[in-house]
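Read through the structure below, which is laid out as structure tokens, and then see the notes.
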Amino acid sequence: MHPQKPRLAVFKFASCDGCQLSLLDCEDELLTVAEQVEIAYFLEAGPADSSGYYDVGLVEGSISTPHDAERIRAIRAQCRYLVTIGACATAGGIQALRNWGDVEEFAQHVYARPEYVRTLATSTPIADHVKVDFELRGCPVNKHQLLELIAALVWGRTPRVPRQSVCVECKRRQVVCVAVAKGVACLGPVTQIGCEVICPQYDRECFGCFGPKEYPNLISLGRRYQRDGHDNGHLTRLVRSFNGYAPGFRTVEKVLAKNNHSSSPQPSE
Amino acid sequence: MTPPPAPGSSLWMPKPALQTLIDRLRADGYDVLGPRMADGAITLAPLRSVDELPRGVRDEQQPGRYRLTLADDGGYFDHVVGPHSLKPLVFPPRTTVLQVLRVRNGWEFRTPDPPRPKQAVLGVRACDLHALAIQDRVFLGGAYRDPEYAARREGLFLIAVNCARSAATCFCVSMNTGPAVTGGADLILTELANGFVVGVGSARGASYVGGMGERPPTAEEEAAAAAIPQRAAAQQTRRINTATVHDTLLNNLEHPRWAEVAKRCLSCANCTMVCPTCFCSTVNEVNDLLGTQTQRERVWESCFNEEHSHTASGAVHPTTKSRYRQWLTHKLATWIDQFGTSGCVGCGRCITWCPVGIDITEEVAAMEGGRA
Amino acid sequence: MTGLPPSPWQTRNATVRAITPEVPEVRTYDLDLHGANYSFRPGQFNMLYVPGVGEVAISVSSDPAVPHQLRHTIRAVGNVTRAMTRLAVGDTLGLRGPFGTAWPVETVRGDDVVIVAGGLGLAPLRPVIYHLIRHRHDYGRVAVLYGARTPADLLYAHEYDWWQAAELDVHISVDVATPNWRGAIGFVTTLLAQLPVKPTRTAVFTCGPEVMMRFVASGACQRGVPAERIFVSLERNMNCAVALCGHCQFGPSFVCHDGPVFSYDRVGRLLWVENL
């Protein structure tokens with residue numbers, strides 16, 4: 001289809017490398033992928049041709065240092081399409097918890113010589129710094145969504161990454177709802193589909209790895225869990241994890257506090 | 001050999017005969033599914049033995065809440081409807097509708113032959129039988145028939161059970177869809193303490209009874225069996241006024257209640273997914289990586305997802321308010337215009353399995369000008 | 001297996017025979033169905049399928065009397081239509097159809113016909129125009145009122161003189177004029193307001209943005225044209241095209257099956273409800 005194979009690069013910022021590993025985890029398909037695209041730059045896997053131009057740049061990780069902030073601009077200039085992969089790149093990641101704390105204080109607790117650490121006060125998603133063409137959510141990203149991205153590139157279309165709730169996939173798989181049947185505070189109803197509902201299938205609540213779905217109604221879901229006796233601290237910690245800094249999840253603390261004080265209509269029993 | 005009982009007749013059958021019935025169906029190549037306790041709910045799952053049935057288990061259902069309670073004794077069918085309906089058996093959540101292969105002069109398009117599983121379901125309730133009849137109209141009654149639904153529907157053997165109780169979320173009485181089974185099943189069981197009263201619903205059903213210790217039911221057994229669904233009916237508190245709901249909803253498309261319910265609604269699609277009649281689907285491309293083969297895959301979709309109403313000029317239903325309105329007006333009003341029947345069978349699943357407990361009957365009542 | 005109708009998903013090959021640029025981002029594709037038995041009525045649509053990318057519902061824009069010269073005029077706006085811009089003459093795509101209701105050209109025989117189109121809305125009405133030209137003597141006065149955003153956006157501009165010569169009363173206007181534009185400026189609703197009509201023997205066919213159709217239809221109603229003789233063509237998300245997937249519902253209607261062409265008396269009230 002392509003006269004020349006599209007050149008693909010994978011870049012890493014503040015992250016755990018888990019999303020890159022998801023790409024390597026495409027064991028059966030990896031050879032086919034390599035036939036269809038030229039993997040030009042992928043340090044985790046070997047290639048490091050850092051010269052020139054890439055058709056697609058996959059970016060893992062968040063911006064957490066002054067150097068990151070400069071490097072991402074250079075990478076943007078090298079890539080036709082820039083795709084962020086994973087919770088760090090799309091929402092700031094778990095390390096964005098610092099955005100609610102004091103980084104200098106953390107550094108003094110963790111490092112013997114904190115003066116050597118050059119870091120920003122915040123961990124922010126790539127899209128806060130440069131234009132992002134497409135994003136794949138998840139902590140880590142889902143292998144099938146990565147393959148969908150590549151297949152879409154091969155076939156010349158926009159990748160299909162639905163933004164509906166995790167519940168949709170739970171129900172398609174006939175997984176019993178843990179929120180309704182167990183009274184567990186589950187983030188499925190406000191979280192984007194894509195993870196193949198691993199947690200609810202193993203009788204665990206969703207903890208929001210794929211970030212907020214389209215129009216997440218945190219107010220209503222929060223109110224329901226509050227009514228069931230889940231305290232605000234627990235609910236805030238649940239939401240404020242890998243995607244805590246994502247718009248839609250970011251304001252959870254305020255939402256819950258406001259719920260406690262509001263007399264908005266409640267579903268009656 | 002005595003001739004098989006005629007459809008419409010009824011007989012009494014001892015409890016152990018249920019195992020024989022399962023064995024006979026399995027011997028004939030049926031996958032037998034029935035109610036089984038799993039993950040804190042009564043699910044619909046493969047069944048080999050009556051010992052796997054949730055004997056003495058009751059389900060307590062409330063808006064947004066489902067819990068099981070266990071009793072020391074009790075019947076096989078003391079529960080009512082769980083999260084699973086017949087829907088995925090005939091309308092699978094994920095299926096391939098077209099296979100496409102790149103060939104020399106274009107493409108080869110192949111519609112796969114639909115699978116024809118033989119599935120027997122034990123413990124089907126009246127509401128779900130009505131839901132199946134509604135889906136028959138949707139998938140088979142129009143100008144275009146759904147080939148996979150048709151194939152799967154043909155292989156369905158249905159052993160219904162009359163409900164012995166109602167959950168708090170049930171409202172089949174008002175929808176005129178239960179709790180007594182009035183048809184649509186091959187066999188209809190009513191569980192008594194000492195056995196089952198079996199109604200023969202079809203010739204196919206008749207061919208599976210006989211030789212299992214059956215006898216004609218006594219007058220007392222007949223009366224006891226008839227009283228069982230009546231008792232369940234009397235327990236229902238929720239209702240929808242079917243005489244007025246069509247016009248009420250369609251005359252109130254701008255009612256402030258839509259905006260109010262939208263504040264509570266999560267647009268999470270759970271109600272549509274558990275609904276035994278909701279039939280929306282989307283066909284997506286599933287491509288290989290080589291650019292030579294692709295297929296079109298149909299998955300369950302919901303009117304609560306933005307993509308559902310997507311057009312070149314944006315979503316037709318861009319807000320939760322417009323989506324909830326689409327769902328409720330379709331289910332209870334425009335469905336009647338489309339298919340000559342309501343889309344609701346009063347099973348209450350949308351109430352129980354809504355994470356925030358939105359109650360369809362309460363929303364209708366609010367539109368009716370009652371409780372707001 | 002016997003006795004079952006063919007699967008609604010069955011797709012056939014359609015080869016691109018010509019690609020004609022029309023206005024910016026809009027092309028007309030001539031498709032060849034390789035002699036397959038095919039006919040359509042004006043206003044009906046096909047599902048065009050770019051394998052690997054997806055399907056899209058597109059109205060037929062060619063002459064129903066020449067079904068083997070099948071044409072679709074398409075704006076590159078979504079995933080599939082953008083992929084179609086990469087097609088070349090000789091390439092093959094998939095096609096299902098035709099689907100949906102038609103403009104009732106037979107039932108309005110003998111009457112005056114007013115065609116009101118906006119932007120790309122002219123494409124599904126062109127088969128009507130061709131039909132009326134072919135059977136010109138079967139109809140009374142025929143007017144074509146067409147508006148586009150700018151002169152450069154006027155679709156099928158090279159055909160207007162021919163339509164006029166075939167005794168169609170053609171009126172064109174643009175929302176935004178350019179210096180050398182000599183024609184009317186304003187909305188098509190204004191053209192309609194200025195057109196003399198005999199309300200009781202006139203039928204109105206309109207297609208364009210929904211807001212335009214609403215005002216055209218209500219304007220025609222105010223002029224005394226009965227709502228059941230005003231027809232609109234609606235756009236909704238068509239996924240299956242056979243009333244099985246639920247996406248295109250509009251009140252009690254499946255737009256793919258009960259539409260896309262509706263009489264205004266059937267949908268008028270609902271068209272004024274926001275986000276329905």
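Going through the structure tokens in order, the chains are called A, B, and so on, while each chain numbers its residues from 1 and the ligands are numbered from 1 in the order shown.
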(request) Pull out every residue of chain B sitting within 7 Å of chain C, counting only C-alpha atoms, and send them as a PyMOL selection string. (result) chain B and resi 97-98+106-107+109+111+139+144+147+279-283+285+287+294+308-312+316-317+322+334-335+337-338
Save out the residues we just selected, C-alpha atoms, as a short mmCIF file (atom, residue, chain, number, x, y, z; two decimals), in the first residue's frame.
```
data_model
loop_
_atom_site.label_atom_id
_atom_site.label_comp_id
_atom_site.auth_asym_id
_atom_site.auth_seq_id
_atom_site.Cartn_x
_atom_site.Cartn_y
_atom_site.Cartn_z
CA VAL B 97 -21.01 -9.82 9.68
CA LEU B 98 -18.68 -9.54 6.69
CA GLY B 106 -11.04 -5.73 -6.18
CA TRP B 107 -12.44 -7.38 -3.11
CA PHE B 109 -17.00 -9.98 0.20
CA THR B 111 -21.07 -13.02 4.68
CA PHE B 139 -34.77 -8.79 14.06
CA TYR B 144 -34.61 -7.17 6.39
CA PRO B 147 -29.50 -13.91 9.62
CA PHE B 279 -30.95 -3.93 20.12
CA CYS B 280 -28.58 -1.16 19.08
CA SER B 281 -25.32 -2.23 17.52
CA THR B 282 -22.41 -0.76 15.62
CA VAL B 283 -20.36 -2.34 12.88
CA GLU B 285 -13.65 -2.52 10.96
CA ASN B 287 -8.20 -5.09 10.08
CA THR B 294 -10.41 -7.09 6.97
CA HIS B 308 -24.28 6.39 18.53
CA SER B 309 -25.71 9.54 16.98
CA HIS B 310 -22.55 10.79 15.33
CA THR B 311 -22.92 12.50 11.95
CA ALA B 312 -20.64 14.63 9.81
CA VAL B 316 -27.42 14.44 17.13
CA HIS B 317 -27.66 13.60 20.84
CA SER B 322 -30.94 14.18 24.89
CA THR B 334 -41.87 5.22 19.82
CA TRP B 335 -41.14 1.49 20.08
CA ASP B 337 -45.08 3.06 16.75
CA GLN B 338 -42.24 1.03 15.25
#
```
Each residue of chain B with at least one atom at most 7 Å from chain A should appear once, together with its nearest atom pair and the corresponding distance in Å (one decimal); atoms considered: only C-alpha atoms; ordering: chain, then increasing residue number; output as a tab-separated table.
```
residue	atom	partner	partner_atom	distance
B:Asp39	CA	A:Val176	CA	6.4
B:Gly40	CA	A:Ala181	CA	6.0
B:Ala41	CA	A:Ala181	CA	6.7
B:Pro63	CA	A:Glu269	CA	6.4
B:Gly64	CA	A:Val180	CA	5.5
B:Arg65	CA	A:Val180	CA	4.7
B:Tyr66	CA	A:Ala181	CA	4.7
B:Arg67	CA	A:Ala181	CA	5.7
B:Pro83	CA	A:Val176	CA	6.9
B:Pro93	CA	A:Arg172	CA	5.2
B:Lys263	CA	A:Ser220	CA	7.0
B:Arg264	CA	A:Ser220	CA	5.2
B:Leu266	CA	A:Asn217	CA	5.3
B:Cys268	CA	A:Pro189	CA	5.2
B:Ala269	CA	A:Val168	CA	6.3
B:Asn270	CA	A:Cys167	CA	6.3
B:Met273	CA	A:Lys171	CA	6.0
B:Asn287	CA	A:Ala151	CA	6.1
B:Asp288	CA	A:Ala151	CA	6.5
B:Leu289	CA	A:Ala151	CA	5.0
B:Leu290	CA	A:Gln36	CA	6.9
B:Gly291	CA	A:Trp155	CA	6.1
B:Trp300	CA	A:Arg172	CA	6.8
B:Asn305	CA	A:Gln164	CA	5.9
B:Trp353	CA	A:Val180	CA	6.2
B:Pro355	CA	A:Val180	CA	6.2
B:Val356	CA	A:Arg224	CA	5.8
B:Gly357	CA	A:Pro267	CA	6.4
B:Ile358	CA	A:Pro267	CA	6.1
```
Generate the output file for the selected residues, C-alpha atoms, as an mmCIF file, in the first residue's frame.
```cif
data_model
loop_
_atom_site.group_PDB
_atom_site.id
_atom_site.type_symbol
_atom_site.label_atom_id
_atom_site.label_comp_id
_atom_site.auth_asym_id
_atom_site.auth_seq_id
_atom_site.Cartn_x
_atom_site.Cartn_y
_atom_site.Cartn_z
ATOM 1 C CA ASP B 39 -19.814 -13.340 41.339
ATOM 2 C CA GLY B 40 -22.529 -12.449 43.799
ATOM 3 C CA ALA B 41 -25.392 -12.828 41.376
ATOM 4 C CA PRO B 63 -32.391 0.672 42.552
ATOM 5 C CA GLY B 64 -28.636 0.346 42.026
ATOM 6 C CA ARG B 65 -28.371 -2.579 44.426
ATOM 7 C CA TYR B 66 -28.409 -6.374 44.126
ATOM 8 C CA ARG B 67 -27.669 -8.819 46.940
ATOM 9 C CA PRO B 83 -28.217 -9.444 35.256
ATOM 10 C CA PRO B 93 -22.409 -8.920 21.913
ATOM 11 C CA LYS B 263 -27.774 15.400 36.416
ATOM 12 C CA ARG B 264 -28.027 11.939 37.955
ATOM 13 C CA LEU B 266 -23.937 8.738 34.180
ATOM 14 C CA CYS B 268 -22.685 4.808 31.255
ATOM 15 C CA ALA B 269 -25.060 2.677 29.136
ATOM 16 C CA ASN B 270 -25.644 0.005 31.776
ATOM 17 C CA MET B 273 -26.828 -3.196 28.037
ATOM 18 C CA ASN B 287 -8.195 -5.087 10.081
ATOM 19 C CA ASP B 288 -5.187 -7.283 9.662
ATOM 20 C CA LEU B 289 -1.803 -5.584 9.695
ATOM 21 C CA LEU B 290 -0.898 -6.528 6.151
ATOM 22 C CA GLY B 291 -3.626 -4.648 4.351
ATOM 23 C CA TRP B 300 -23.523 -4.022 21.136
ATOM 24 C CA ASN B 305 -22.696 6.796 23.792
ATOM 25 C CA TRP B 353 -28.188 -2.342 37.446
ATOM 26 C CA PRO B 355 -25.076 2.331 39.248
ATOM 27 C CA VAL B 356 -26.924 5.361 40.601
ATOM 28 C CA GLY B 357 -30.335 3.699 40.811
ATOM 29 C CA ILE B 358 -32.331 5.751 38.325
#
```
(request) Between C:His158, C:His68, C:Arg149, C:His34, single out the one closest to Ser173 of chain C, counting only C-alpha atoms. (result)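 That would be C:Arg149, the residue with the smallest distance to Ser173 of chain C.
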(request) Give the strand (DSSP E) residues of segment 13-239 of chain A, as assigned by DSSP on the backbone, as a list in words. (result) Glu38, Ile39, Ala40, Tyr41, Phe42, Tyr54, Asp55, Val56, Gly57, Leu58, Val59, Glu60, Cys79, Arg80, Tyr81, Leu82, Val83, Thr84, Ile85, Phe134, Glu135 and Leu136 of chain A
Write a file of the selected residues as a PDB file, in the first residue's frame, keeping N, CA and C atoms.
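What landed in part.pdb:
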```
ATOM      1  N   GLU A  38       8.687   0.918   9.490  1.00  0.00           N
ATOM      2  CA  GLU A  38      10.101   0.889   9.848  1.00  0.00           C
ATOM      3  C   GLU A  38      10.228   1.443  11.259  1.00  0.00           C
ATOM      4  N   ILE A  39      10.644   0.571  12.177  1.00  0.00           N
ATOM      5  CA  ILE A  39      10.818   1.046  13.549  1.00  0.00           C
ATOM      6  C   ILE A  39      12.198   1.688  13.629  1.00  0.00           C
ATOM      7  N   ALA A  40      12.193   3.012  13.508  1.00  0.00           N
ATOM      8  CA  ALA A  40      13.447   3.739  13.322  1.00  0.00           C
ATOM      9  C   ALA A  40      14.101   4.096  14.651  1.00  0.00           C
ATOM     10  N   TYR A  41      13.276   4.366  15.625  1.00  0.00           N
ATOM     11  CA  TYR A  41      13.837   4.790  16.902  1.00  0.00           C
ATOM     12  C   TYR A  41      13.026   4.187  18.023  1.00  0.00           C
ATOM     13  N   PHE A  42      13.649   3.311  18.794  1.00  0.00           N
ATOM     14  CA  PHE A  42      12.934   2.606  19.861  1.00  0.00           C
ATOM     15  C   PHE A  42      13.992   2.061  20.804  1.00  0.00           C
ATOM     16  N   TYR A  54      10.065  11.387  11.317  1.00  0.00           N
ATOM     17  CA  TYR A  54       9.271  10.172  11.534  1.00  0.00           C
ATOM     18  C   TYR A  54       7.827  10.422  11.119  1.00  0.00           C
ATOM     19  N   ASP A  55       7.220   9.390  10.558  1.00  0.00           N
ATOM     20  CA  ASP A  55       5.808   9.533  10.204  1.00  0.00           C
ATOM     21  C   ASP A  55       4.941   9.514  11.456  1.00  0.00           C
ATOM     22  N   VAL A  56       5.291   8.609  12.367  1.00  0.00           N
ATOM     23  CA  VAL A  56       4.538   8.526  13.615  1.00  0.00           C
ATOM     24  C   VAL A  56       5.500   8.475  14.789  1.00  0.00           C
ATOM     25  N   GLY A  57       5.282   9.337  15.745  1.00  0.00           N
ATOM     26  CA  GLY A  57       6.044   9.285  16.987  1.00  0.00           C
ATOM     27  C   GLY A  57       5.120   8.883  18.114  1.00  0.00           C
ATOM     28  N   LEU A  58       5.461   7.776  18.768  1.00  0.00           N
ATOM     29  CA  LEU A  58       4.712   7.369  19.954  1.00  0.00           C
ATOM     30  C   LEU A  58       5.446   7.928  21.165  1.00  0.00           C
ATOM     31  N   VAL A  59       4.748   8.641  21.993  1.00  0.00           N
ATOM     32  CA  VAL A  59       5.395   9.261  23.140  1.00  0.00           C
ATOM     33  C   VAL A  59       4.834   8.678  24.431  1.00  0.00           C
ATOM     34  N   GLU A  60       5.753   8.134  25.211  1.00  0.00           N
ATOM     35  CA  GLU A  60       5.387   7.623  26.531  1.00  0.00           C
ATOM     36  C   GLU A  60       5.940   8.581  27.572  1.00  0.00           C
ATOM     37  N   CYS A  79       8.102  14.820  13.948  1.00  0.00           N
ATOM     38  CA  CYS A  79       7.071  13.810  13.717  1.00  0.00           C
ATOM     39  C   CYS A  79       5.879  14.377  12.961  1.00  0.00           C
ATOM     40  N   ARG A  80       5.448  13.620  11.962  1.00  0.00           N
ATOM     41  CA  ARG A  80       4.233  14.027  11.246  1.00  0.00           C
ATOM     42  C   ARG A  80       3.020  13.860  12.165  1.00  0.00           C
ATOM     43  N   TYR A  81       2.874  12.660  12.713  1.00  0.00           N
ATOM     44  CA  TYR A  81       1.810  12.447  13.695  1.00  0.00           C
ATOM     45  C   TYR A  81       2.446  12.149  15.044  1.00  0.00           C
ATOM     46  N   LEU A  82       1.987  12.848  16.046  1.00  0.00           N
ATOM     47  CA  LEU A  82       2.472  12.586  17.396  1.00  0.00           C
ATOM     48  C   LEU A  82       1.349  11.924  18.189  1.00  0.00           C
ATOM     49  N   VAL A  83       1.627  10.726  18.671  1.00  0.00           N
ATOM     50  CA  VAL A  83       0.618   9.968  19.407  1.00  0.00           C
ATOM     51  C   VAL A  83       1.122   9.743  20.825  1.00  0.00           C
ATOM     52  N   THR A  84       0.363  10.192  21.807  1.00  0.00           N
ATOM     53  CA  THR A  84       0.766   9.942  23.191  1.00  0.00           C
ATOM     54  C   THR A  84       0.199   8.601  23.623  1.00  0.00           C
ATOM     55  N   ILE A  85       1.010   7.832  24.319  1.00  0.00           N
ATOM     56  CA  ILE A  85       0.554   6.510  24.764  1.00  0.00           C
ATOM     57  C   ILE A  85       0.675   6.411  26.285  1.00  0.00           C
ATOM     58  N   PHE A 134      -3.137  12.299  18.420  1.00  0.00           N
ATOM     59  CA  PHE A 134      -3.990  11.203  18.846  1.00  0.00           C
ATOM     60  C   PHE A 134      -3.486  10.702  20.179  1.00  0.00           C
ATOM     61  N   GLU A 135      -4.398  10.173  20.994  1.00  0.00           N
ATOM     62  CA  GLU A 135      -3.923   9.643  22.268  1.00  0.00           C
ATOM     63  C   GLU A 135      -4.477   8.249  22.523  1.00  0.00           C
ATOM     64  N   LEU A 136      -3.608   7.419  23.082  1.00  0.00           N
ATOM     65  CA  LEU A 136      -4.009   6.097  23.554  1.00  0.00           C
ATOM     66  C   LEU A 136      -3.884   6.121  25.065  1.00  0.00           C
TER      67      LEU A 136
END
```
(message) Restricting the calculation to only C-alpha atoms: of A:Arg204, A:Arg157, A:Arg73, A:Lys258, which residue gets closest to chain C?
(response)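 Checking each candidate against chain C, we get A:Arg157 as the closest.
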(message) So that I can check the surroundings of segment 236-243 of chain A, please list as a ChimeraX atom specification every protein, DNA and RNA residue that reaches within 6 Å of it, counting only C-alpha atoms and ignoring chain neighbours fewer than 4 positions away.
(response) /A:87,91,93-94,211,232,253
(request) Determine which residues of segment 128-216 of chain C receive a DSSP assignment of alpha helix (DSSP H), computed from the backbone, and state them as a list in words. (result) Val128, Ile129, Tyr130, His131, Leu132, Ile133, Arg134, Tyr160, Asp161, Trp162, Trp163, Gln164, Ala165, Val188, Thr189, Thr190, Leu191, Leu192, Ala193, Gln194, Glu210, Val211, Met212, Met213, Arg214, Phe215 and Val216 of chain C
Could you write those residues out with N, CA and C atoms, as a PDB file, in the first residue's frame?
```pdb
ATOM      1  N   VAL C 128     -34.028  13.923  -9.053  1.00  0.00           N
ATOM      2  CA  VAL C 128     -35.379  14.459  -9.265  1.00  0.00           C
ATOM      3  C   VAL C 128     -35.363  15.409 -10.467  1.00  0.00           C
ATOM      4  N   ILE C 129     -34.358  16.269 -10.477  1.00  0.00           N
ATOM      5  CA  ILE C 129     -34.245  17.239 -11.584  1.00  0.00           C
ATOM      6  C   ILE C 129     -34.164  16.493 -12.915  1.00  0.00           C
ATOM      7  N   TYR C 130     -33.353  15.448 -12.977  1.00  0.00           N
ATOM      8  CA  TYR C 130     -33.232  14.670 -14.214  1.00  0.00           C
ATOM      9  C   TYR C 130     -34.567  14.018 -14.585  1.00  0.00           C
ATOM     10  N   HIS C 131     -35.243  13.510 -13.553  1.00  0.00           N
ATOM     11  CA  HIS C 131     -36.534  12.871 -13.809  1.00  0.00           C
ATOM     12  C   HIS C 131     -37.536  13.881 -14.358  1.00  0.00           C
ATOM     13  N   LEU C 132     -37.547  15.073 -13.761  1.00  0.00           N
ATOM     14  CA  LEU C 132     -38.508  16.099 -14.192  1.00  0.00           C
ATOM     15  C   LEU C 132     -38.192  16.568 -15.610  1.00  0.00           C
ATOM     16  N   ILE C 133     -36.911  16.649 -15.933  1.00  0.00           N
ATOM     17  CA  ILE C 133     -36.535  17.060 -17.295  1.00  0.00           C
ATOM     18  C   ILE C 133     -36.978  15.992 -18.296  1.00  0.00           C
ATOM     19  N   ARG C 134     -36.757  14.729 -17.943  1.00  0.00           N
ATOM     20  CA  ARG C 134     -37.155  13.635 -18.839  1.00  0.00           C
ATOM     21  C   ARG C 134     -38.666  13.586 -19.072  1.00  0.00           C
ATOM     22  N   TYR C 160     -26.695  24.365 -14.834  1.00  0.00           N
ATOM     23  CA  TYR C 160     -27.847  25.248 -14.607  1.00  0.00           C
ATOM     24  C   TYR C 160     -28.471  25.716 -15.913  1.00  0.00           C
ATOM     25  N   ASP C 161     -27.587  26.067 -16.901  1.00  0.00           N
ATOM     26  CA  ASP C 161     -28.115  26.568 -18.180  1.00  0.00           C
ATOM     27  C   ASP C 161     -28.957  25.496 -18.865  1.00  0.00           C
ATOM     28  N   TRP C 162     -28.482  24.268 -18.773  1.00  0.00           N
ATOM     29  CA  TRP C 162     -29.218  23.157 -19.367  1.00  0.00           C
ATOM     30  C   TRP C 162     -30.570  22.979 -18.670  1.00  0.00           C
ATOM     31  N   TRP C 163     -30.569  23.059 -17.339  1.00  0.00           N
ATOM     32  CA  TRP C 163     -31.829  22.926 -16.597  1.00  0.00           C
ATOM     33  C   TRP C 163     -32.798  24.029 -17.015  1.00  0.00           C
ATOM     34  N   GLN C 164     -32.243  25.257 -17.114  1.00  0.00           N
ATOM     35  CA  GLN C 164     -33.069  26.408 -17.495  1.00  0.00           C
ATOM     36  C   GLN C 164     -33.645  26.172 -18.901  1.00  0.00           C
ATOM     37  N   ALA C 165     -32.791  25.690 -19.805  1.00  0.00           N
ATOM     38  CA  ALA C 165     -33.220  25.442 -21.179  1.00  0.00           C
ATOM     39  C   ALA C 165     -34.300  24.354 -21.225  1.00  0.00           C
ATOM     40  N   VAL C 188     -31.759  30.740   0.717  1.00  0.00           N
ATOM     41  CA  VAL C 188     -32.750  30.179  -0.209  1.00  0.00           C
ATOM     42  C   VAL C 188     -34.171  30.421   0.278  1.00  0.00           C
ATOM     43  N   THR C 189     -34.302  30.596   1.602  1.00  0.00           N
ATOM     44  CA  THR C 189     -35.645  30.859   2.133  1.00  0.00           C
ATOM     45  C   THR C 189     -36.207  32.150   1.528  1.00  0.00           C
ATOM     46  N   THR C 190     -35.299  33.098   1.249  1.00  0.00           N
ATOM     47  CA  THR C 190     -35.732  34.350   0.621  1.00  0.00           C
ATOM     48  C   THR C 190     -36.199  34.092  -0.810  1.00  0.00           C
ATOM     49  N   LEU C 191     -35.441  33.252  -1.540  1.00  0.00           N
ATOM     50  CA  LEU C 191     -35.853  32.900  -2.908  1.00  0.00           C
ATOM     51  C   LEU C 191     -37.255  32.297  -2.899  1.00  0.00           C
ATOM     52  N   LEU C 192     -37.482  31.444  -1.901  1.00  0.00           N
ATOM     53  CA  LEU C 192     -38.791  30.789  -1.813  1.00  0.00           C
ATOM     54  C   LEU C 192     -39.884  31.828  -1.533  1.00  0.00           C
ATOM     55  N   ALA C 193     -39.569  32.759  -0.647  1.00  0.00           N
ATOM     56  CA  ALA C 193     -40.565  33.775  -0.271  1.00  0.00           C
ATOM     57  C   ALA C 193     -40.952  34.621  -1.491  1.00  0.00           C
ATOM     58  N   GLN C 194     -39.989  34.785  -2.426  1.00  0.00           N
ATOM     59  CA  GLN C 194     -40.250  35.636  -3.595  1.00  0.00           C
ATOM     60  C   GLN C 194     -40.905  34.870  -4.735  1.00  0.00           C
ATOM     61  N   GLU C 210     -30.301  21.010   8.247  1.00  0.00           N
ATOM     62  CA  GLU C 210     -31.612  20.803   8.869  1.00  0.00           C
ATOM     63  C   GLU C 210     -32.295  22.126   9.207  1.00  0.00           C
ATOM     64  N   VAL C 211     -31.508  23.097   9.652  1.00  0.00           N
ATOM     65  CA  VAL C 211     -32.100  24.382  10.023  1.00  0.00           C
ATOM     66  C   VAL C 211     -32.704  25.043   8.782  1.00  0.00           C
ATOM     67  N   MET C 212     -32.039  24.899   7.635  1.00  0.00           N
ATOM     68  CA  MET C 212     -32.578  25.453   6.396  1.00  0.00           C
ATOM     69  C   MET C 212     -33.901  24.773   6.028  1.00  0.00           C
ATOM     70  N   MET C 213     -33.906  23.443   6.110  1.00  0.00           N
ATOM     71  CA  MET C 213     -35.123  22.704   5.735  1.00  0.00           C
ATOM     72  C   MET C 213     -36.292  23.086   6.630  1.00  0.00           C
ATOM     73  N   ARG C 214     -36.003  23.306   7.918  1.00  0.00           N
ATOM     74  CA  ARG C 214     -37.071  23.718   8.838  1.00  0.00           C
ATOM     75  C   ARG C 214     -37.716  25.014   8.374  1.00  0.00           C
ATOM     76  N   PHE C 215     -36.861  25.974   7.990  1.00  0.00           N
ATOM     77  CA  PHE C 215     -37.420  27.272   7.610  1.00  0.00           C
ATOM     78  C   PHE C 215     -38.059  27.218   6.222  1.00  0.00           C
ATOM     79  N   VAL C 216     -37.511  26.401   5.347  1.00  0.00           N
ATOM     80  CA  VAL C 216     -38.139  26.226   4.037  1.00  0.00           C
ATOM     81  C   VAL C 216     -39.525  25.615   4.224  1.00  0.00           C
TER      82      VAL C 216
END
```
